[in-house]
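Containing PDB, C-alpha atoms, pLDDT in the B column: work-v8.pdb.
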MODEL        1
ATOM      1  CA  MET A 928      26.374-101.223 159.241  1.00 56.00           C
ATOM      2  CA  GLY A 929      28.987-100.569 161.933  1.00 63.00           C
ATOM      3  CA  ARG A 930      28.957 -96.794 161.434  1.00 70.00           C
ATOM      4  CA  PHE A 931      25.181 -96.754 161.566  1.00 69.00           C
ATOM      5  CA  ARG A 932      25.196 -98.565 164.927  1.00 73.00           C
ATOM      6  CA  GLY A 933      27.924 -96.255 166.208  1.00 75.00           C
ATOM      7  CA  GLY A 934      25.848 -93.219 165.226  1.00 77.00           C
ATOM      8  CA  LEU A 935      22.774 -94.622 166.959  1.00 78.00           C
ATOM      9  CA  ARG A 936      24.807 -95.356 170.068  1.00 81.00           C
ATOM     10  CA  CYS A 937      26.084 -91.766 170.043  1.00 84.00           C
ATOM     11  CA  ILE A 938      22.514 -90.429 169.720  1.00 84.00           C
ATOM     12  CA  LYS A 939      21.402 -92.750 172.513  1.00 83.00           C
ATOM     13  CA  TYR A 940      24.010 -91.402 174.927  1.00 85.00           C
ATOM     14  CA  LEU A 941      23.425 -87.809 173.862  1.00 85.00           C
ATOM     15  CA  LEU A 942      19.712 -88.255 174.527  1.00 84.00           C
ATOM     16  CA  LEU A 943      20.498 -89.873 177.868  1.00 85.00           C
ATOM     17  CA  GLY A 944      22.777 -86.975 178.846  1.00 86.00           C
ATOM     18  CA  PHE A 945      20.240 -84.382 177.685  1.00 85.00           C
ATOM     19  CA  ASN A 946      17.463 -86.010 179.692  1.00 85.00           C
ATOM     20  CA  LEU A 947      19.632 -86.299 182.759  1.00 87.00           C
ATOM     21  CA  LEU A 948      20.263 -82.553 182.539  1.00 87.00           C
ATOM     22  CA  PHE A 949      16.534 -81.976 181.936  1.00 84.00           C
ATOM     23  CA  TRP A 950      15.716 -84.047 185.025  1.00 87.00           C
ATOM     24  CA  LEU A 951      18.223 -82.063 187.117  1.00 90.00           C
ATOM     25  CA  ALA A 952      16.799 -78.801 185.762  1.00 87.00           C
ATOM     26  CA  GLY A 953      13.327 -79.940 186.844  1.00 87.00           C
ATOM     27  CA  LEU A 954      14.681 -80.670 190.298  1.00 91.00           C
ATOM     28  CA  ALA A 955      16.240 -77.189 190.412  1.00 90.00           C
ATOM     29  CA  VAL A 956      12.949 -75.559 189.333  1.00 87.00           C
ATOM     30  CA  ILE A 957      11.090 -77.404 192.109  1.00 90.00           C
ATOM     31  CA  ALA A 958      13.716 -76.399 194.671  1.00 90.00           C
ATOM     32  CA  PHE A 959      13.637 -72.779 193.520  1.00 86.00           C
ATOM     33  CA  GLY A 960       9.834 -72.620 193.623  1.00 84.00           C
ATOM     34  CA  LEU A 961       9.661 -74.139 197.101  1.00 86.00           C
ATOM     35  CA  TRP A 962      12.465 -71.940 198.407  1.00 85.00           C
ATOM     36  CA  PHE A 963      10.880 -68.816 196.969  1.00 79.00           C
ATOM     37  CA  ARG A 964       7.520 -69.742 198.497  1.00 77.00           C
ATOM     38  CA  PHE A 965       8.670 -70.838 201.945  1.00 80.00           C
ATOM     39  CA  GLY A 966      12.103 -69.283 202.401  1.00 76.00           C
ATOM     40  CA  GLY A 967      12.382 -66.301 200.082  1.00 62.00           C
ATOM     41  CA  THR A 968      11.043 -62.785 200.133  1.00 60.00           C
ATOM     42  CA  ILE A 969       7.440 -63.771 199.473  1.00 61.00           C
ATOM     43  CA  LYS A 970       7.435 -65.757 202.741  1.00 60.00           C
ATOM     44  CA  ASP A 971       7.477 -62.419 204.574  1.00 58.00           C
ATOM     45  CA  LEU A 972       4.421 -61.248 202.658  1.00 59.00           C
ATOM     46  CA  SER A 973       2.431 -64.222 203.928  1.00 52.00           C
ATOM     47  CA  SER A 974       2.806 -63.084 207.529  1.00 49.00           C
ATOM     48  CA  GLU A 975       0.349 -60.229 206.932  1.00 53.00           C
ATOM     49  CA  ASN A 976      -3.427 -60.582 206.882  1.00 56.00           C
ATOM     50  CA  LYS A 977      -3.562 -59.924 203.127  1.00 57.00           C
ATOM     51  CA  SER A 978      -1.399 -62.584 201.548  1.00 56.00           C
ATOM     52  CA  PRO A 979      -0.858 -62.389 197.776  1.00 61.00           C
ATOM     53  CA  GLU A 980      -2.630 -65.559 196.653  1.00 66.00           C
ATOM     54  CA  TYR A 981      -1.943 -64.881 192.975  1.00 64.00           C
ATOM     55  CA  PHE A 982       1.794 -64.998 193.688  1.00 67.00           C
ATOM     56  CA  TYR A 983       1.374 -68.353 195.390  1.00 74.00           C
ATOM     57  CA  VAL A 984      -0.539 -69.775 192.456  1.00 77.00           C
ATOM     58  CA  GLY A 985       2.351 -68.828 190.169  1.00 75.00           C
ATOM     59  CA  LEU A 986       4.836 -70.513 192.493  1.00 78.00           C
ATOM     60  CA  TYR A 987       2.724 -73.662 192.688  1.00 84.00           C
ATOM     61  CA  VAL A 988       2.578 -73.723 188.894  1.00 83.00           C
ATOM     62  CA  LEU A 989       6.385 -73.407 188.904  1.00 82.00           C
ATOM     63  CA  VAL A 990       6.690 -76.407 191.225  1.00 87.00           C
ATOM     64  CA  GLY A 991       4.270 -78.347 189.011  1.00 88.00           C
ATOM     65  CA  ALA A 992       6.323 -77.462 185.928  1.00 85.00           C
ATOM     66  CA  GLY A 993       9.440 -78.739 187.682  1.00 87.00           C
ATOM     67  CA  ALA A 994       7.699 -82.009 188.493  1.00 90.00           C
ATOM     68  CA  LEU A 995       6.616 -82.318 184.869  1.00 87.00           C
ATOM     69  CA  MET A 996      10.196 -81.666 183.726  1.00 85.00           C
ATOM     70  CA  MET A 997      11.459 -84.395 186.031  1.00 89.00           C
ATOM     71  CA  THR A 998       8.828 -86.836 184.717  1.00 88.00           C
ATOM     72  CA  VAL A 999       9.696 -86.046 181.109  1.00 86.00           C
ATOM     73  CA  GLY A1000      13.399 -86.403 181.866  1.00 86.00           C
ATOM     74  CA  PHE A1001      12.706 -89.780 183.422  1.00 87.00           C
ATOM     75  CA  PHE A1002      10.745 -90.902 180.322  1.00 84.00           C
ATOM     76  CA  GLY A1003      13.602 -89.790 178.116  1.00 85.00           C
ATOM     77  CA  CYS A1004      16.259 -91.566 180.173  1.00 86.00           C
ATOM     78  CA  CYS A1005      14.263 -94.805 180.345  1.00 86.00           C
ATOM     79  CA  GLY A1006      13.416 -94.667 176.662  1.00 84.00           C
ATOM     80  CA  ALA A1007      17.031 -94.093 175.662  1.00 84.00           C
ATOM     81  CA  MET A1008      18.453 -96.778 177.947  1.00 85.00           C
ATOM     82  CA  ARG A1009      15.896 -99.459 177.056  1.00 85.00           C
ATOM     83  CA  GLU A1010      15.573 -98.322 173.437  1.00 81.00           C
ATOM     84  CA  SER A1011      11.802 -98.586 173.826  1.00 82.00           C
ATOM     85  CA  GLN A1012       9.733 -97.054 171.048  1.00 85.00           C
ATOM     86  CA  CYS A1013       6.694 -96.695 173.321  1.00 86.00           C
ATOM     87  CA  VAL A1014       8.569 -94.749 176.007  1.00 84.00           C
ATOM     88  CA  LEU A1015      10.375 -92.629 173.402  1.00 84.00           C
ATOM     89  CA  ALA A1016       7.023 -91.819 171.743  1.00 86.00           C
ATOM     90  CA  SER A1017       5.647 -90.820 175.178  1.00 85.00           C
ATOM     91  CA  PHE A1018       8.715 -88.656 175.681  1.00 84.00           C
ATOM     92  CA  PHE A1019       8.196 -86.956 172.307  1.00 85.00           C
ATOM     93  CA  THR A1020       4.496 -86.354 173.072  1.00 86.00           C
ATOM     94  CA  CYS A1021       5.333 -84.845 176.464  1.00 84.00           C
ATOM     95  CA  LEU A1022       7.895 -82.527 174.872  1.00 83.00           C
ATOM     96  CA  LEU A1023       5.334 -81.440 172.295  1.00 85.00           C
ATOM     97  CA  VAL A1024       2.741 -80.692 174.984  1.00 84.00           C
ATOM     98  CA  ILE A1025       5.308 -78.771 177.051  1.00 80.00           C
ATOM     99  CA  PHE A1026       6.311 -76.706 174.033  1.00 80.00           C
ATOM    100  CA  ALA A1027       2.670 -75.827 173.306  1.00 84.00           C
ATOM    101  CA  ALA A1028       2.103 -74.930 176.975  1.00 81.00           C
ATOM    102  CA  GLU A1029       5.186 -72.699 177.018  1.00 79.00           C
ATOM    103  CA  VAL A1030       4.030 -70.800 173.940  1.00 83.00           C
ATOM    104  CA  THR A1031       0.535 -70.395 175.408  1.00 86.00           C
ATOM    105  CA  THR A1032       1.914 -69.286 178.778  1.00 79.00           C
ATOM    106  CA  GLY A1033       4.201 -66.777 177.096  1.00 80.00           C
ATOM    107  CA  VAL A1034       1.283 -65.263 175.200  1.00 85.00           C
ATOM    108  CA  PHE A1035      -0.895 -65.073 178.324  1.00 80.00           C
ATOM    109  CA  ALA A1036       1.969 -63.617 180.380  1.00 77.00           C
ATOM    110  CA  PHE A1037       2.542 -60.936 177.779  1.00 81.00           C
ATOM    111  CA  ILE A1038      -1.157 -60.099 177.618  1.00 83.00           C
ATOM    112  CA  GLY A1039      -1.677 -60.209 181.421  1.00 77.00           C
ATOM    113  CA  LYS A1040       1.457 -58.269 182.365  1.00 77.00           C
ATOM    114  CA  GLY A1041      -0.540 -55.097 183.055  1.00 80.00           C
ATOM    115  CA  VAL A1042      -2.965 -56.913 185.354  1.00 78.00           C
ATOM    116  CA  ALA A1043      -0.099 -58.344 187.418  1.00 72.00           C
ATOM    117  CA  ILE A1044       1.492 -54.914 187.732  1.00 76.00           C
ATOM    118  CA  ARG A1045      -1.820 -53.416 188.859  1.00 81.00           C
ATOM    119  CA  HIS A1046      -2.210 -56.180 191.491  1.00 77.00           C
ATOM    120  CA  VAL A1047       1.228 -55.434 192.923  1.00 75.00           C
ATOM    121  CA  GLN A1048       0.532 -51.697 192.903  1.00 79.00           C
ATOM    122  CA  THR A1049      -2.815 -52.215 194.644  1.00 82.00           C
ATOM    123  CA  MET A1050      -1.196 -54.407 197.274  1.00 79.00           C
ATOM    124  CA  TYR A1051       1.466 -51.732 197.887  1.00 79.00           C
ATOM    125  CA  GLU A1052      -1.160 -48.974 198.084  1.00 81.00           C
ATOM    126  CA  GLU A1053      -3.144 -50.950 200.684  1.00 80.00           C
ATOM    127  CA  ALA A1054      -0.037 -51.626 202.764  1.00 79.00           C
ATOM    128  CA  TYR A1055       1.021 -47.972 202.455  1.00 80.00           C
ATOM    129  CA  HIS A1056      -2.356 -46.643 203.608  1.00 81.00           C
ATOM    130  CA  ASP A1057      -2.591 -49.210 206.415  1.00 79.00           C
ATOM    131  CA  TYR A1058       0.785 -48.038 207.687  1.00 78.00           C
ATOM    132  CA  LEU A1059      -0.233 -44.370 207.543  1.00 79.00           C
ATOM    133  CA  LYS A1060      -3.411 -45.140 209.544  1.00 81.00           C
ATOM    134  CA  ASP A1061      -1.561 -46.917 212.358  1.00 76.00           C
ATOM    135  CA  ARG A1062       2.201 -46.257 212.378  1.00 70.00           C
ATOM    136  CA  GLY A1063       2.752 -47.919 215.735  1.00 64.00           C
ATOM    137  CA  LYS A1064       1.610 -51.282 214.420  1.00 63.00           C
ATOM    138  CA  GLY A1065       4.302 -51.533 211.773  1.00 59.00           C
ATOM    139  CA  ASN A1066       3.834 -53.192 208.434  1.00 67.00           C
ATOM    140  CA  GLY A1067       5.824 -56.226 207.332  1.00 72.00           C
ATOM    141  CA  THR A1068       4.445 -56.060 203.795  1.00 71.00           C
ATOM    142  CA  LEU A1069       5.641 -52.478 203.341  1.00 73.00           C
ATOM    143  CA  ILE A1070       9.067 -53.327 204.778  1.00 74.00           C
ATOM    144  CA  THR A1071       9.326 -56.305 202.419  1.00 74.00           C
ATOM    145  CA  PHE A1072       8.357 -54.181 199.411  1.00 75.00           C
ATOM    146  CA  HIS A1073      10.908 -51.522 200.287  1.00 74.00           C
ATOM    147  CA  SER A1074      13.754 -53.964 200.890  1.00 72.00           C
ATOM    148  CA  THR A1075      12.979 -56.083 197.807  1.00 72.00           C
ATOM    149  CA  PHE A1076      12.600 -53.207 195.355  1.00 71.00           C
ATOM    150  CA  GLN A1077      15.133 -50.918 197.097  1.00 71.00           C
ATOM    151  CA  CYS A1078      12.683 -48.041 197.292  1.00 75.00           C
ATOM    152  CA  CYS A1079      11.166 -45.894 200.001  1.00 75.00           C
ATOM    153  CA  GLY A1080       7.648 -44.499 199.854  1.00 73.00           C
ATOM    154  CA  LYS A1081       5.682 -43.189 196.907  1.00 71.00           C
ATOM    155  CA  GLU A1082       6.441 -39.524 196.317  1.00 69.00           C
ATOM    156  CA  SER A1083       8.333 -38.833 199.534  1.00 66.00           C
ATOM    157  CA  SER A1084      10.045 -41.151 201.959  1.00 64.00           C
ATOM    158  CA  GLU A1085       9.401 -39.008 205.024  1.00 67.00           C
ATOM    159  CA  GLN A1086       6.031 -40.555 205.923  1.00 69.00           C
ATOM    160  CA  VAL A1087       7.294 -44.125 205.814  1.00 73.00           C
ATOM    161  CA  GLN A1088      10.917 -43.577 206.874  1.00 71.00           C
ATOM    162  CA  PRO A1089      10.987 -46.382 209.512  1.00 71.00           C
ATOM    163  CA  THR A1090      10.056 -48.996 206.887  1.00 74.00           C
ATOM    164  CA  CYS A1091      12.853 -47.995 204.494  1.00 75.00           C
ATOM    165  CA  PRO A1092      16.062 -50.028 204.192  1.00 73.00           C
ATOM    166  CA  LYS A1093      18.883 -48.333 206.075  1.00 69.00           C
ATOM    167  CA  GLU A1094      21.448 -48.883 203.306  1.00 65.00           C
ATOM    168  CA  LEU A1095      19.131 -47.167 200.825  1.00 58.00           C
ATOM    169  CA  LEU A1096      19.324 -43.912 202.740  1.00 52.00           C
ATOM    170  CA  ARG A1097      23.131 -43.916 202.571  1.00 54.00           C
ATOM    171  CA  HIS A1098      23.052 -44.705 198.853  1.00 51.00           C
ATOM    172  CA  LYS A1099      20.723 -41.756 198.257  1.00 49.00           C
ATOM    173  CA  ILE A1100      23.161 -39.410 199.981  1.00 67.00           C
ATOM    174  CA  PHE A1101      26.064 -40.783 197.969  1.00 57.00           C
ATOM    175  CA  GLY A1102      23.963 -40.622 194.822  1.00 58.00           C
ATOM    176  CA  MET A1103      23.212 -36.958 195.479  1.00 59.00           C
ATOM    177  CA  ILE A1104      26.878 -36.173 196.080  1.00 65.00           C
ATOM    178  CA  PHE A1105      28.096 -38.083 193.027  1.00 65.00           C
ATOM    179  CA  SER A1106      25.427 -36.595 190.764  1.00 68.00           C
ATOM    180  CA  MET A1107      26.324 -33.058 191.878  1.00 69.00           C
ATOM    181  CA  VAL A1108      30.056 -33.678 191.376  1.00 70.00           C
ATOM    182  CA  LEU A1109      29.378 -35.108 187.914  1.00 71.00           C
ATOM    183  CA  CYS A1110      27.076 -32.194 187.075  1.00 69.00           C
ATOM    184  CA  CYS A1111      29.760 -29.676 188.091  1.00 70.00           C
ATOM    185  CA  ALA A1112      32.425 -31.582 186.150  1.00 69.00           C
ATOM    186  CA  ILE A1113      30.274 -31.563 183.008  1.00 70.00           C
ATOM    187  CA  ARG A1114      29.567 -27.849 183.404  1.00 70.00           C
ATOM    188  CA  ASN A1115      33.266 -27.095 183.883  1.00 70.00           C
ATOM    189  CA  SER A1116      34.265 -29.173 180.844  1.00 67.00           C
ATOM    190  CA  ARG A1117      31.737 -27.349 178.662  1.00 63.00           C
ATOM    191  CA  ASP A1118      33.082 -23.978 179.845  1.00 59.00           C
ATOM    192  CA  VAL A1119      36.549 -24.990 178.619  1.00 52.00           C
ATOM    193  CA  ILE A1120      35.303 -25.944 175.167  1.00 49.00           C
TER     194      ILE A1120
ENDMDL
END
Once more with this new file: its structure as structure tokens, please.
Amino acid sequence: MGRFRGGLRCIKYLLLGFNLLFWLAGLAVIAFGLWFRFGGTIKDLSSENKSPEYFYVGLYVLVGAGALMMTVGFFGCCGAMRESQCVLASFFTCLLVIFAAEVTTGVFAFIGKGVAIRHVQTMYEEAYHDYLKDRGKGNGTLITFHSTFQCCGKESSEQVQPTCPKELLRHKIFGMIFSMVLCCAIRNSRDVI
């Protein structure tokens, strides 16, 4: 009987530790979602007239998921500490619902990936054309796109040069130099063989 109680005590503390980590992970997910919404790159997109509402919905869902994780972690901690069957059953049910939601979300994300990409491309196209219509106005959305994705323009960067990240232009020059040196080195090594 003593080993059985020792095993249960070990499971109790493992469950407590797991749920404490789960609660902290929920707190981190909430913090990340709020930071990304109000302090990250997407914050700059909201300063324009056309704010990406579908991005915000995803971030709010992320914050909600973090709150749910914290609630489930709390149920697990309380259930393990008090050894309450009711709270542990609630914890198990919550975990089951979360697992089903994750599978469903994964399927929908895989199916809707193309739609999300098209939305981002449409938003970039609108910002690009707005900038070309009135270059003096500037375009924070275009600047944010270019700095986030480390790109510059669509086919050519000459039309939107002021919105491009400055470090990107230097990297392109170095990339051209390094690619030409490598190309010459490969050609010279093949001539030897």
**Report entry** For atom CA of A:Tyr940 and atom CA of A:Gly1003, the interatomic separation in Å (one decimal)
**Finding:** 11.0 Å
Requested in this report: Could you jot down the atom CA of A:Gly1033 to atom CA of A:Ser1017 separation for me, Å, one decimal place?
Outcome: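 Atom-to-atom, atom CA of A:Gly1033 and atom CA of A:Ser1017 are spaced 24.2 Å apart.
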Query raised in the report: With all atoms listed in the file as the atoms that count, which of A:Phe1072, A:Leu954, A:Phe1026, A:Arg1062 lies nearest to A:Val1047?
Result: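 Of all the options, A:Phe1072 lies closest to A:Val1047.
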Report summary line: Using all atoms listed in the file, the residue out of A:Gly1006, A:Leu989, A:Ile957, A:Tyr983 with shortest distance to A:Leu942 is A:Gly1006
Requested in this report: I need the residue set behind the PyMOL selection byres ((chain A and resi 1002) around 10) for this file; please write it as a PyMOL selection string.
Outcome: chain A and resi 946+950+996-1001+1003-1008+1013-1019+1021
**Report entry** Evaluate the PyMOL selection byres ((chain A and resi 1091) around 7) and report residues as JSON, numbers by chain
**Finding:** {"A": [1070, 1073, 1079, 1087, 1088, 1089, 1090, 1092, 1093]}
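Among A:Leu951, A:Glu1010, A:Phe1037, A:Tyr1051, the residue with the shortest atom-to-atom distance to A:Arg936, counting all atoms listed in the file, is A:Glu1010.
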Requested in this report: One decimal, Å: what's the distance from atom CA of A:Asp1057 over to atom CA of A:Thr1071, could you say?
Outcome: 14.4 Å
Report task. Fewer than 5 positions away in the same chain doesn't count, so skip those; otherwise give me all residues within 12 Å of A:Ala955, counting only C-alpha atoms, as a PyMOL selection string. Result -> chain A and resi 948-950+960-963+989-990+992-994+996-997
